[in-house]
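Colleague: Okay, here's the structure, questions in a sec.
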Amino acid sequence: MSVEFYTASPTLFGVEAFVPALKSYIDRYGVSTHFEHTLVKVDGPNRLATFTSADGATVETRFDMLHVVPPMRAVQCVRESALASASGYVEVNHGTLRHTRYKNVWGAGDAIDTPNAKTGGGGPETGAHRGAQLAAGRAGLHR
């Protein structure tokens with residue numbers, strides 16, 4: 001059996017702490033990895049997936065089973081708001097989670113412009129940190 005992992009990301013996973021464990025499985029099962037490959041077309045009847053690589057090349061690969069995760073992005077109301085950065089996520093200072101332009105706004109979860117995977121788990125991960133930063137901000141400790 002041949003297993004290949006294609007991802008538009010430049011890394012195996014967006015949360016660095018999980019990469020060593022994931023990499024051990026990749027190595028154990030002999031999975032071929034292809035980073036910075038964006039899925040652009042699926043021809044189901046012919047079992048053909050087409051990707052565009054970071055250098056613009058078109059890569060076609062045949063499959064027996066295909067598991068696809070759509071690109072992650074913030075919801076439309078965030079992407080189109082004044083709170084969003086060029087990436088479409090709420091623009092925050094990565095250390096404080098406070099908005100970089102609107103000092104009375106803090107962000108949390110998968111809607112913020114931080115370098116973590118947007119997997120639905122960002123709320124709990126940033127919630128406690130945001131609470132501490134919000135308290136510090138209200139106390140005047142962040143300027």
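Order determines the names: the first chain of the structure tokens is A, the second B, and so forth; residues in each chain are numbered 1 upward, and ligands are numbered 1 upward as they are shown.
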Which neighbours of Gly44 in chain A fall inside 12 Å, counting only C-alpha atoms, when residues of the same chain fewer than 6 positions from it are skipped, and could you give them as a VMD selection string?

Modeller: chain A and resid 50 61 to 66

Colleague: Run DSSP on the backbone of this structure and report the residues of chain A it assigns to helix (DSSP H, G or I), as number ranges by chain.

Modeller: A: 16-28, 76-79, 109-111, 122-138

Colleague: May I have the residues from that selection written out with N, CA and C atoms, as a JSON list (two decimals), in the first residue's frame?

Modeller:
[["chain", "number", "residue", "atom", "x", "y", "z"],
["A", 16, "GLU", "N", 3.29, 23.18, 16.51],
["A", 16, "GLU", "CA", 4.62, 22.56, 16.49],
["A", 16, "GLU", "C", 4.77, 21.43, 17.51],
["A", 17, "ALA", "N", 4.11, 21.54, 18.64],
["A", 17, "ALA", "CA", 4.25, 20.52, 19.68],
["A", 17, "ALA", "C", 3.77, 19.14, 19.22],
["A", 18, "PHE", "N", 2.87, 19.08, 18.25],
["A", 18, "PHE", "CA", 2.34, 17.80, 17.77],
["A", 18, "PHE", "C", 3.18, 17.20, 16.64],
["A", 19, "VAL", "N", 4.06, 17.98, 16.04],
["A", 19, "VAL", "CA", 4.80, 17.53, 14.86],
["A", 19, "VAL", "C", 5.67, 16.30, 15.13],
["A", 20, "PRO", "N", 6.45, 16.23, 16.21],
["A", 20, "PRO", "CA", 7.29, 15.04, 16.41],
["A", 20, "PRO", "C", 6.49, 13.74, 16.46],
["A", 21, "ALA", "N", 5.37, 13.73, 17.15],
["A", 21, "ALA", "CA", 4.56, 12.50, 17.22],
["A", 21, "ALA", "C", 3.98, 12.16, 15.85],
["A", 22, "LEU", "N", 3.49, 13.17, 15.14],
["A", 22, "LEU", "CA", 2.96, 12.92, 13.80],
["A", 22, "LEU", "C", 4.05, 12.44, 12.85],
["A", 23, "LYS", "N", 5.23, 13.04, 12.97],
["A", 23, "LYS", "CA", 6.36, 12.66, 12.12],
["A", 23, "LYS", "C", 6.75, 11.20, 12.38],
["A", 24, "SER", "N", 6.66, 10.76, 13.61],
["A", 24, "SER", "CA", 7.02, 9.37, 13.90],
["A", 24, "SER", "C", 6.07, 8.40, 13.19],
["A", 25, "TYR", "N", 4.78, 8.76, 13.09],
["A", 25, "TYR", "CA", 3.83, 7.92, 12.35],
["A", 25, "TYR", "C", 4.11, 7.97, 10.85],
["A", 26, "ILE", "N", 4.42, 9.15, 10.35],
["A", 26, "ILE", "CA", 4.76, 9.31, 8.94],
["A", 26, "ILE", "C", 5.93, 8.38, 8.59],
["A", 27, "ASP", "N", 6.95, 8.41, 9.45],
["A", 27, "ASP", "CA", 8.13, 7.57, 9.22],
["A", 27, "ASP", "C", 7.81, 6.08, 9.37],
["A", 28, "ARG", "N", 7.07, 5.73, 10.42],
["A", 28, "ARG", "CA", 6.76, 4.33, 10.69],
["A", 28, "ARG", "C", 6.00, 3.68, 9.54],
["A", 76, "GLN", "N", -17.07, 34.91, 7.15],
["A", 76, "GLN", "CA", -17.20, 36.08, 6.28],
["A", 76, "GLN", "C", -17.30, 37.38, 7.07],
["A", 77, "CYS", "N", -18.07, 37.38, 8.16],
["A", 77, "CYS", "CA", -18.25, 38.63, 8.91],
["A", 77, "CYS", "C", -16.93, 39.12, 9.51],
["A", 78, "VAL", "N", -16.00, 38.21, 9.79],
["A", 78, "VAL", "CA", -14.68, 38.60, 10.28],
["A", 78, "VAL", "C", -13.80, 39.02, 9.10],
["A", 79, "ARG", "N", -13.76, 38.19, 8.06],
["A", 79, "ARG", "CA", -12.91, 38.47, 6.89],
["A", 79, "ARG", "C", -13.18, 39.84, 6.29],
["A", 109, "GLY", "N", -9.49, 31.97, 19.85],
["A", 109, "GLY", "CA", -9.97, 30.87, 19.04],
["A", 109, "GLY", "C", -9.45, 30.90, 17.61],
["A", 110, "ASP", "N", -10.21, 30.26, 16.75],
["A", 110, "ASP", "CA", -9.78, 30.07, 15.37],
["A", 110, "ASP", "C", -10.00, 31.28, 14.48],
["A", 111, "ALA", "N", -10.53, 32.36, 15.00],
["A", 111, "ALA", "CA", -10.76, 33.57, 14.20],
["A", 111, "ALA", "C", -9.59, 34.54, 14.25],
["A", 122, "GLY", "N", -9.00, 26.04, 19.02],
["A", 122, "GLY", "CA", -8.31, 27.27, 19.40],
["A", 122, "GLY", "C", -8.96, 28.03, 20.53],
["A", 123, "GLY", "N", -10.25, 27.84, 20.75],
["A", 123, "GLY", "CA", -10.94, 28.58, 21.82],
["A", 123, "GLY", "C", -10.39, 28.27, 23.20],
["A", 124, "PRO", "N", -10.41, 27.00, 23.59],
["A", 124, "PRO", "CA", -9.86, 26.66, 24.91],
["A", 124, "PRO", "C", -8.38, 27.02, 25.04],
["A", 125, "GLU", "N", -7.63, 26.84, 23.94],
["A", 125, "GLU", "CA", -6.19, 27.11, 23.95],
["A", 125, "GLU", "C", -5.90, 28.57, 24.25],
["A", 126, "THR", "N", -6.71, 29.48, 23.72],
["A", 126, "THR", "CA", -6.45, 30.91, 23.89],
["A", 126, "THR", "C", -7.31, 31.55, 24.97],
["A", 127, "GLY", "N", -8.33, 30.86, 25.43],
["A", 127, "GLY", "CA", -9.28, 31.46, 26.38],
["A", 127, "GLY", "C", -8.65, 31.92, 27.69],
["A", 128, "ALA", "N", -7.88, 31.06, 28.33],
["A", 128, "ALA", "CA", -7.26, 31.43, 29.62],
["A", 128, "ALA", "C", -6.25, 32.55, 29.42],
["A", 129, "HIS", "N", -5.48, 32.45, 28.36],
["A", 129, "HIS", "CA", -4.49, 33.49, 28.05],
["A", 129, "HIS", "C", -5.19, 34.82, 27.81],
["A", 130, "ARG", "N", -6.28, 34.80, 27.04],
["A", 130, "ARG", "CA", -7.02, 36.02, 26.74],
["A", 130, "ARG", "C", -7.57, 36.63, 28.02],
["A", 131, "GLY", "N", -8.07, 35.80, 28.92],
["A", 131, "GLY", "CA", -8.60, 36.32, 30.17],
["A", 131, "GLY", "C", -7.56, 37.06, 30.98],
["A", 132, "ALA", "N", -6.37, 36.49, 31.07],
["A", 132, "ALA", "CA", -5.29, 37.14, 31.81],
["A", 132, "ALA", "C", -4.86, 38.44, 31.13],
["A", 133, "GLN", "N", -4.79, 38.43, 29.81],
["A", 133, "GLN", "CA", -4.39, 39.63, 29.07],
["A", 133, "GLN", "C", -5.47, 40.72, 29.14],
["A", 134, "LEU", "N", -6.74, 40.30, 29.12],
["A", 134, "LEU", "CA", -7.83, 41.26, 29.25],
["A", 134, "LEU", "C", -7.78, 41.95, 30.62],
["A", 135, "ALA", "N", -7.54, 41.17, 31.67],
["A", 135, "ALA", "CA", -7.44, 41.75, 33.01],
["A", 135, "ALA", "C", -6.26, 42.72, 33.10],
["A", 136, "ALA", "N", -5.12, 42.33, 32.51],
["A", 136, "ALA", "CA", -3.95, 43.21, 32.52],
["A", 136, "ALA", "C", -4.22, 44.49, 31.73],
["A", 137, "GLY", "N", -4.90, 44.35, 30.61],
["A", 137, "GLY", "CA", -5.23, 45.52, 29.79],
["A", 137, "GLY", "C", -6.17, 46.48, 30.51],
["A", 138, "ARG", "N", -7.15, 45.94, 31.18],
["A", 138, "ARG", "CA", -8.11, 46.78, 31.91],
["A", 138, "ARG", "C", -7.42, 47.47, 33.10]]

Colleague: Please report, as JSON, numbers by chain, each residue of range 26-98 of chain A to which DSSP assigns strand (DSSP E) when run on this structure's backbone.

Modeller: {"A": [32, 33, 34, 37, 38, 39, 40, 41, 42, 43, 48, 49, 50, 51, 52, 53, 58, 59, 60, 61, 62]}

Colleague: Find the distance between CA of Arg101 in chain A and CA of Ala82 in chain A and write it in Å to one decimal.

Modeller: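 Separation of CA of Arg101 in chain A and CA of Ala82 in chain A: 9.6 Å.
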
Colleague: May I have the residues within 12 Å of Phe51 in chain A as a PDB file with all heavy atoms, in the first residue's frame, using only C-alpha atoms and disregarding those fewer than 6 positions away in the same chain?

Modeller:
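And here is the file that came out, selection36.pdb:
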ATOM      1  N   PHE A   5       0.687  12.094   1.586  1.00  0.00           N
ATOM      2  CA  PHE A   5       0.086  13.200   2.336  1.00  0.00           C
ATOM      3  C   PHE A   5       0.400  14.495   1.597  1.00  0.00           C
ATOM      4  O   PHE A   5       1.556  14.898   1.502  1.00  0.00           O
ATOM      5  CB  PHE A   5       0.659  13.231   3.757  1.00  0.00           C
ATOM      6  CG  PHE A   5       0.170  14.382   4.596  1.00  0.00           C
ATOM      7  CD1 PHE A   5      -1.102  14.385   5.123  1.00  0.00           C
ATOM      8  CD2 PHE A   5       1.007  15.461   4.857  1.00  0.00           C
ATOM      9  CE1 PHE A   5      -1.545  15.446   5.905  1.00  0.00           C
ATOM     10  CE2 PHE A   5       0.572  16.524   5.639  1.00  0.00           C
ATOM     11  CZ  PHE A   5      -0.700  16.511   6.158  1.00  0.00           C
ATOM     12  N   TYR A   6      -0.632  15.112   1.051  1.00  0.00           N
ATOM     13  CA  TYR A   6      -0.501  16.404   0.372  1.00  0.00           C
ATOM     14  C   TYR A   6      -1.134  17.467   1.256  1.00  0.00           C
ATOM     15  O   TYR A   6      -2.228  17.269   1.788  1.00  0.00           O
ATOM     16  CB  TYR A   6      -1.240  16.395  -0.970  1.00  0.00           C
ATOM     17  CG  TYR A   6      -0.549  15.625  -2.057  1.00  0.00           C
ATOM     18  CD1 TYR A   6      -0.696  14.245  -2.166  1.00  0.00           C
ATOM     19  CD2 TYR A   6       0.234  16.276  -2.992  1.00  0.00           C
ATOM     20  CE1 TYR A   6      -0.071  13.539  -3.175  1.00  0.00           C
ATOM     21  CE2 TYR A   6       0.868  15.569  -4.011  1.00  0.00           C
ATOM     22  CZ  TYR A   6       0.705  14.200  -4.097  1.00  0.00           C
ATOM     23  OH  TYR A   6       1.320  13.511  -5.101  1.00  0.00           O
ATOM     24  N   THR A   7      -0.457  18.589   1.409  1.00  0.00           N
ATOM     25  CA  THR A   7      -1.003  19.687   2.190  1.00  0.00           C
ATOM     26  C   THR A   7      -0.561  21.010   1.585  1.00  0.00           C
ATOM     27  O   THR A   7       0.556  21.117   1.069  1.00  0.00           O
ATOM     28  CB  THR A   7      -0.577  19.613   3.677  1.00  0.00           C
ATOM     29  OG1 THR A   7      -1.117  20.740   4.377  1.00  0.00           O
ATOM     30  CG2 THR A   7       0.924  19.612   3.850  1.00  0.00           C
ATOM     31  N   ALA A   8      -1.439  22.001   1.652  1.00  0.00           N
ATOM     32  CA  ALA A   8      -1.088  23.341   1.182  1.00  0.00           C
ATOM     33  C   ALA A   8      -0.124  24.026   2.156  1.00  0.00           C
ATOM     34  O   ALA A   8       0.560  24.973   1.800  1.00  0.00           O
ATOM     35  CB  ALA A   8      -2.350  24.185   1.007  1.00  0.00           C
ATOM     36  N   HIS A  34       4.073  15.745   0.811  1.00  0.00           N
ATOM     37  CA  HIS A  34       4.143  16.753  -0.246  1.00  0.00           C
ATOM     38  C   HIS A  34       3.598  18.055   0.335  1.00  0.00           C
ATOM     39  O   HIS A  34       2.379  18.230   0.422  1.00  0.00           O
ATOM     40  CB  HIS A  34       3.315  16.328  -1.463  1.00  0.00           C
ATOM     41  CG  HIS A  34       3.662  14.956  -1.962  1.00  0.00           C
ATOM     42  ND1 HIS A  34       4.690  14.728  -2.844  1.00  0.00           N
ATOM     43  CD2 HIS A  34       3.130  13.743  -1.664  1.00  0.00           C
ATOM     44  CE1 HIS A  34       4.765  13.433  -3.092  1.00  0.00           C
ATOM     45  NE2 HIS A  34       3.838  12.811  -2.386  1.00  0.00           N
ATOM     46  N   PHE A  35       4.486  18.945   0.746  1.00  0.00           N
ATOM     47  CA  PHE A  35       4.084  20.203   1.359  1.00  0.00           C
ATOM     48  C   PHE A  35       3.875  21.275   0.294  1.00  0.00           C
ATOM     49  O   PHE A  35       4.430  21.202  -0.799  1.00  0.00           O
ATOM     50  CB  PHE A  35       5.128  20.653   2.382  1.00  0.00           C
ATOM     51  CG  PHE A  35       5.315  19.642   3.492  1.00  0.00           C
ATOM     52  CD1 PHE A  35       6.438  18.852   3.554  1.00  0.00           C
ATOM     53  CD2 PHE A  35       4.338  19.475   4.453  1.00  0.00           C
ATOM     54  CE1 PHE A  35       6.606  17.906   4.557  1.00  0.00           C
ATOM     55  CE2 PHE A  35       4.481  18.548   5.469  1.00  0.00           C
ATOM     56  CZ  PHE A  35       5.622  17.758   5.523  1.00  0.00           C
ATOM     57  N   GLU A  36       3.090  22.271   0.637  1.00  0.00           N
ATOM     58  CA  GLU A  36       2.803  23.405  -0.243  1.00  0.00           C
ATOM     59  C   GLU A  36       2.233  22.950  -1.591  1.00  0.00           C
ATOM     60  O   GLU A  36       2.604  23.436  -2.645  1.00  0.00           O
ATOM     61  CB  GLU A  36       4.043  24.285  -0.424  1.00  0.00           C
ATOM     62  CG  GLU A  36       4.503  24.889   0.894  1.00  0.00           C
ATOM     63  CD  GLU A  36       5.664  25.827   0.734  1.00  0.00           C
ATOM     64  OE1 GLU A  36       5.417  27.032   0.529  1.00  0.00           O
ATOM     65  OE2 GLU A  36       6.823  25.349   0.815  1.00  0.00           O
ATOM     66  N   HIS A  37       1.294  22.006  -1.516  1.00  0.00           N
ATOM     67  CA  HIS A  37       0.561  21.521  -2.678  1.00  0.00           C
ATOM     68  C   HIS A  37      -0.930  21.771  -2.419  1.00  0.00           C
ATOM     69  O   HIS A  37      -1.498  21.216  -1.485  1.00  0.00           O
ATOM     70  CB  HIS A  37       0.791  20.026  -2.893  1.00  0.00           C
ATOM     71  CG  HIS A  37       2.087  19.703  -3.542  1.00  0.00           C
ATOM     72  ND1 HIS A  37       3.298  19.914  -2.931  1.00  0.00           N
ATOM     73  CD2 HIS A  37       2.351  19.204  -4.778  1.00  0.00           C
ATOM     74  CE1 HIS A  37       4.265  19.528  -3.759  1.00  0.00           C
ATOM     75  NE2 HIS A  37       3.723  19.107  -4.884  1.00  0.00           N
ATOM     76  N   THR A  38      -1.536  22.604  -3.242  1.00  0.00           N
ATOM     77  CA  THR A  38      -2.937  22.970  -3.077  1.00  0.00           C
ATOM     78  C   THR A  38      -3.800  22.148  -4.028  1.00  0.00           C
ATOM     79  O   THR A  38      -3.563  22.141  -5.246  1.00  0.00           O
ATOM     80  CB  THR A  38      -3.137  24.472  -3.361  1.00  0.00           C
ATOM     81  OG1 THR A  38      -2.296  25.215  -2.469  1.00  0.00           O
ATOM     82  CG2 THR A  38      -4.580  24.889  -3.155  1.00  0.00           C
ATOM     83  N   LEU A  39      -4.799  21.477  -3.474  1.00  0.00           N
ATOM     84  CA  LEU A  39      -5.727  20.693  -4.292  1.00  0.00           C
ATOM     85  C   LEU A  39      -6.575  21.641  -5.133  1.00  0.00           C
ATOM     86  O   LEU A  39      -7.208  22.553  -4.609  1.00  0.00           O
ATOM     87  CB  LEU A  39      -6.625  19.844  -3.394  1.00  0.00           C
ATOM     88  CG  LEU A  39      -7.638  18.946  -4.102  1.00  0.00           C
ATOM     89  CD1 LEU A  39      -6.935  17.859  -4.909  1.00  0.00           C
ATOM     90  CD2 LEU A  39      -8.583  18.331  -3.079  1.00  0.00           C
ATOM     91  N   VAL A  40      -6.574  21.444  -6.444  1.00  0.00           N
ATOM     92  CA  VAL A  40      -7.326  22.330  -7.336  1.00  0.00           C
ATOM     93  C   VAL A  40      -8.419  21.606  -8.108  1.00  0.00           C
ATOM     94  O   VAL A  40      -9.334  22.241  -8.638  1.00  0.00           O
ATOM     95  CB  VAL A  40      -6.403  23.083  -8.324  1.00  0.00           C
ATOM     96  CG1 VAL A  40      -5.500  24.055  -7.571  1.00  0.00           C
ATOM     97  CG2 VAL A  40      -5.589  22.132  -9.179  1.00  0.00           C
ATOM     98  N   LYS A  41      -8.342  20.266  -8.161  1.00  0.00           N
ATOM     99  CA  LYS A  41      -9.338  19.530  -8.943  1.00  0.00           C
ATOM    100  C   LYS A  41      -9.360  18.073  -8.509  1.00  0.00           C
ATOM    101  O   LYS A  41      -8.306  17.488  -8.225  1.00  0.00           O
ATOM    102  CB  LYS A  41      -8.997  19.625 -10.431  1.00  0.00           C
ATOM    103  CG  LYS A  41      -9.963  18.914 -11.352  1.00  0.00           C
ATOM    104  CD  LYS A  41      -9.515  19.074 -12.801  1.00  0.00           C
ATOM    105  CE  LYS A  41     -10.403  18.282 -13.739  1.00  0.00           C
ATOM    106  NZ  LYS A  41      -9.913  18.353 -15.125  1.00  0.00           N
ATOM    107  N   VAL A  42     -10.557  17.501  -8.467  1.00  0.00           N
ATOM    108  CA  VAL A  42     -10.711  16.073  -8.214  1.00  0.00           C
ATOM    109  C   VAL A  42     -11.570  15.494  -9.335  1.00  0.00           C
ATOM    110  O   VAL A  42     -12.689  15.953  -9.569  1.00  0.00           O
ATOM    111  CB  VAL A  42     -11.375  15.792  -6.843  1.00  0.00           C
ATOM    112  CG1 VAL A  42     -11.614  14.304  -6.666  1.00  0.00           C
ATOM    113  CG2 VAL A  42     -10.528  16.341  -5.710  1.00  0.00           C
ATOM    114  N   ASP A  43     -11.039  14.504 -10.011  1.00  0.00           N
ATOM    115  CA  ASP A  43     -11.771  13.763 -11.034  1.00  0.00           C
ATOM    116  C   ASP A  43     -12.109  12.411 -10.420  1.00  0.00           C
ATOM    117  O   ASP A  43     -11.322  11.461 -10.503  1.00  0.00           O
ATOM    118  CB  ASP A  43     -10.901  13.617 -12.288  1.00  0.00           C
ATOM    119  CG  ASP A  43     -11.584  12.822 -13.401  1.00  0.00           C
ATOM    120  OD1 ASP A  43     -12.656  12.221 -13.162  1.00  0.00           O
ATOM    121  OD2 ASP A  43     -11.013  12.797 -14.511  1.00  0.00           O
ATOM    122  N   ALA A  57       3.887  24.428 -10.408  1.00  0.00           N
ATOM    123  CA  ALA A  57       3.762  23.216 -11.207  1.00  0.00           C
ATOM    124  C   ALA A  57       2.436  22.508 -10.921  1.00  0.00           C
ATOM    125  O   ALA A  57       1.923  22.555  -9.804  1.00  0.00           O
ATOM    126  CB  ALA A  57       4.927  22.269 -10.918  1.00  0.00           C
ATOM    127  N   THR A  58       1.899  21.857 -11.929  1.00  0.00           N
ATOM    128  CA  THR A  58       0.697  21.045 -11.778  1.00  0.00           C
ATOM    129  C   THR A  58       1.128  19.611 -11.512  1.00  0.00           C
ATOM    130  O   THR A  58       1.971  19.065 -12.228  1.00  0.00           O
ATOM    131  CB  THR A  58      -0.167  21.112 -13.047  1.00  0.00           C
ATOM    132  OG1 THR A  58      -0.580  22.465 -13.240  1.00  0.00           O
ATOM    133  CG2 THR A  58      -1.388  20.223 -12.933  1.00  0.00           C
ATOM    134  N   VAL A  59       0.557  19.019 -10.463  1.00  0.00           N
ATOM    135  CA  VAL A  59       0.900  17.654 -10.074  1.00  0.00           C
ATOM    136  C   VAL A  59      -0.386  16.845 -10.048  1.00  0.00           C
ATOM    137  O   VAL A  59      -1.340  17.211  -9.365  1.00  0.00           O
ATOM    138  CB  VAL A  59       1.566  17.628  -8.677  1.00  0.00           C
ATOM    139  CG1 VAL A  59       1.858  16.205  -8.237  1.00  0.00           C
ATOM    140  CG2 VAL A  59       2.814  18.488  -8.652  1.00  0.00           C
ATOM    141  N   GLU A  60      -0.408  15.753 -10.806  1.00  0.00           N
ATOM    142  CA  GLU A  60      -1.563  14.861 -10.799  1.00  0.00           C
ATOM    143  C   GLU A  60      -1.172  13.557 -10.140  1.00  0.00           C
ATOM    144  O   GLU A  60      -0.074  13.051 -10.358  1.00  0.00           O
ATOM    145  CB  GLU A  60      -2.051  14.596 -12.228  1.00  0.00           C
ATOM    146  CG  GLU A  60      -2.614  15.822 -12.907  1.00  0.00           C
ATOM    147  CD  GLU A  60      -3.158  15.513 -14.295  1.00  0.00           C
ATOM    148  OE1 GLU A  60      -2.710  14.531 -14.929  1.00  0.00           O
ATOM    149  OE2 GLU A  60      -4.038  16.270 -14.729  1.00  0.00           O
ATOM    150  N   THR A  61      -2.073  13.033  -9.324  1.00  0.00           N
ATOM    151  CA  THR A  61      -1.809  11.758  -8.667  1.00  0.00           C
ATOM    152  C   THR A  61      -3.087  10.930  -8.643  1.00  0.00           C
ATOM    153  O   THR A  61      -4.180  11.462  -8.456  1.00  0.00           O
ATOM    154  CB  THR A  61      -1.236  11.961  -7.243  1.00  0.00           C
ATOM    155  OG1 THR A  61      -0.867  10.696  -6.698  1.00  0.00           O
ATOM    156  CG2 THR A  61      -2.234  12.631  -6.320  1.00  0.00           C
ATOM    157  N   ARG A  62      -2.937   9.645  -8.853  1.00  0.00           N
ATOM    158  CA  ARG A  62      -4.074   8.723  -8.815  1.00  0.00           C
ATOM    159  C   ARG A  62      -4.310   8.312  -7.364  1.00  0.00           C
ATOM    160  O   ARG A  62      -3.398   8.311  -6.552  1.00  0.00           O
ATOM    161  CB  ARG A  62      -3.796   7.505  -9.668  1.00  0.00           C
ATOM    162  CG  ARG A  62      -3.603   7.868 -11.126  1.00  0.00           C
ATOM    163  CD  ARG A  62      -4.023   6.753 -12.062  1.00  0.00           C
ATOM    164  NE  ARG A  62      -4.062   7.241 -13.427  1.00  0.00           N
ATOM    165  CZ  ARG A  62      -5.099   7.882 -13.980  1.00  0.00           C
ATOM    166  NH1 ARG A  62      -6.181   8.086 -13.279  1.00  0.00           N
ATOM    167  NH2 ARG A  62      -5.050   8.289 -15.218  1.00  0.00           N
TER     168      ARG A  62
END

Colleague: Closest to Ala74 in chain A among A:Gly30, A:Ala49, A:Lys103, A:Thr119, using only C-alpha atoms?

Modeller: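 For Ala74 in chain A, the nearest of the candidates is A:Thr119.
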
Colleague: Find the distance between CA of Tyr89 in chain A and CA of Ser9 in chain A and write it in Å to one decimal.

Modeller: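 Taking CA of Tyr89 in chain A as the start and CA of Ser9 in chain A as the end point, the length is 16.8 Å.
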
Colleague: Distance CA of Leu12 in chain A-CA of Tyr29 in chain A, one decimal place?

Modeller: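 Separation of CA of Leu12 in chain A and CA of Tyr29 in chain A: 15.0 Å.
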
Colleague: Which residue gives the smallest distance to Ser32 in chain A among A:Glu4, A:Thr114, A:Ser87, A:Arg73, with only C-alpha atoms counted?

Modeller: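 Comparing A:Glu4, A:Thr114, A:Ser87, A:Arg73 against Ser32 in chain A, the winner is A:Glu4.
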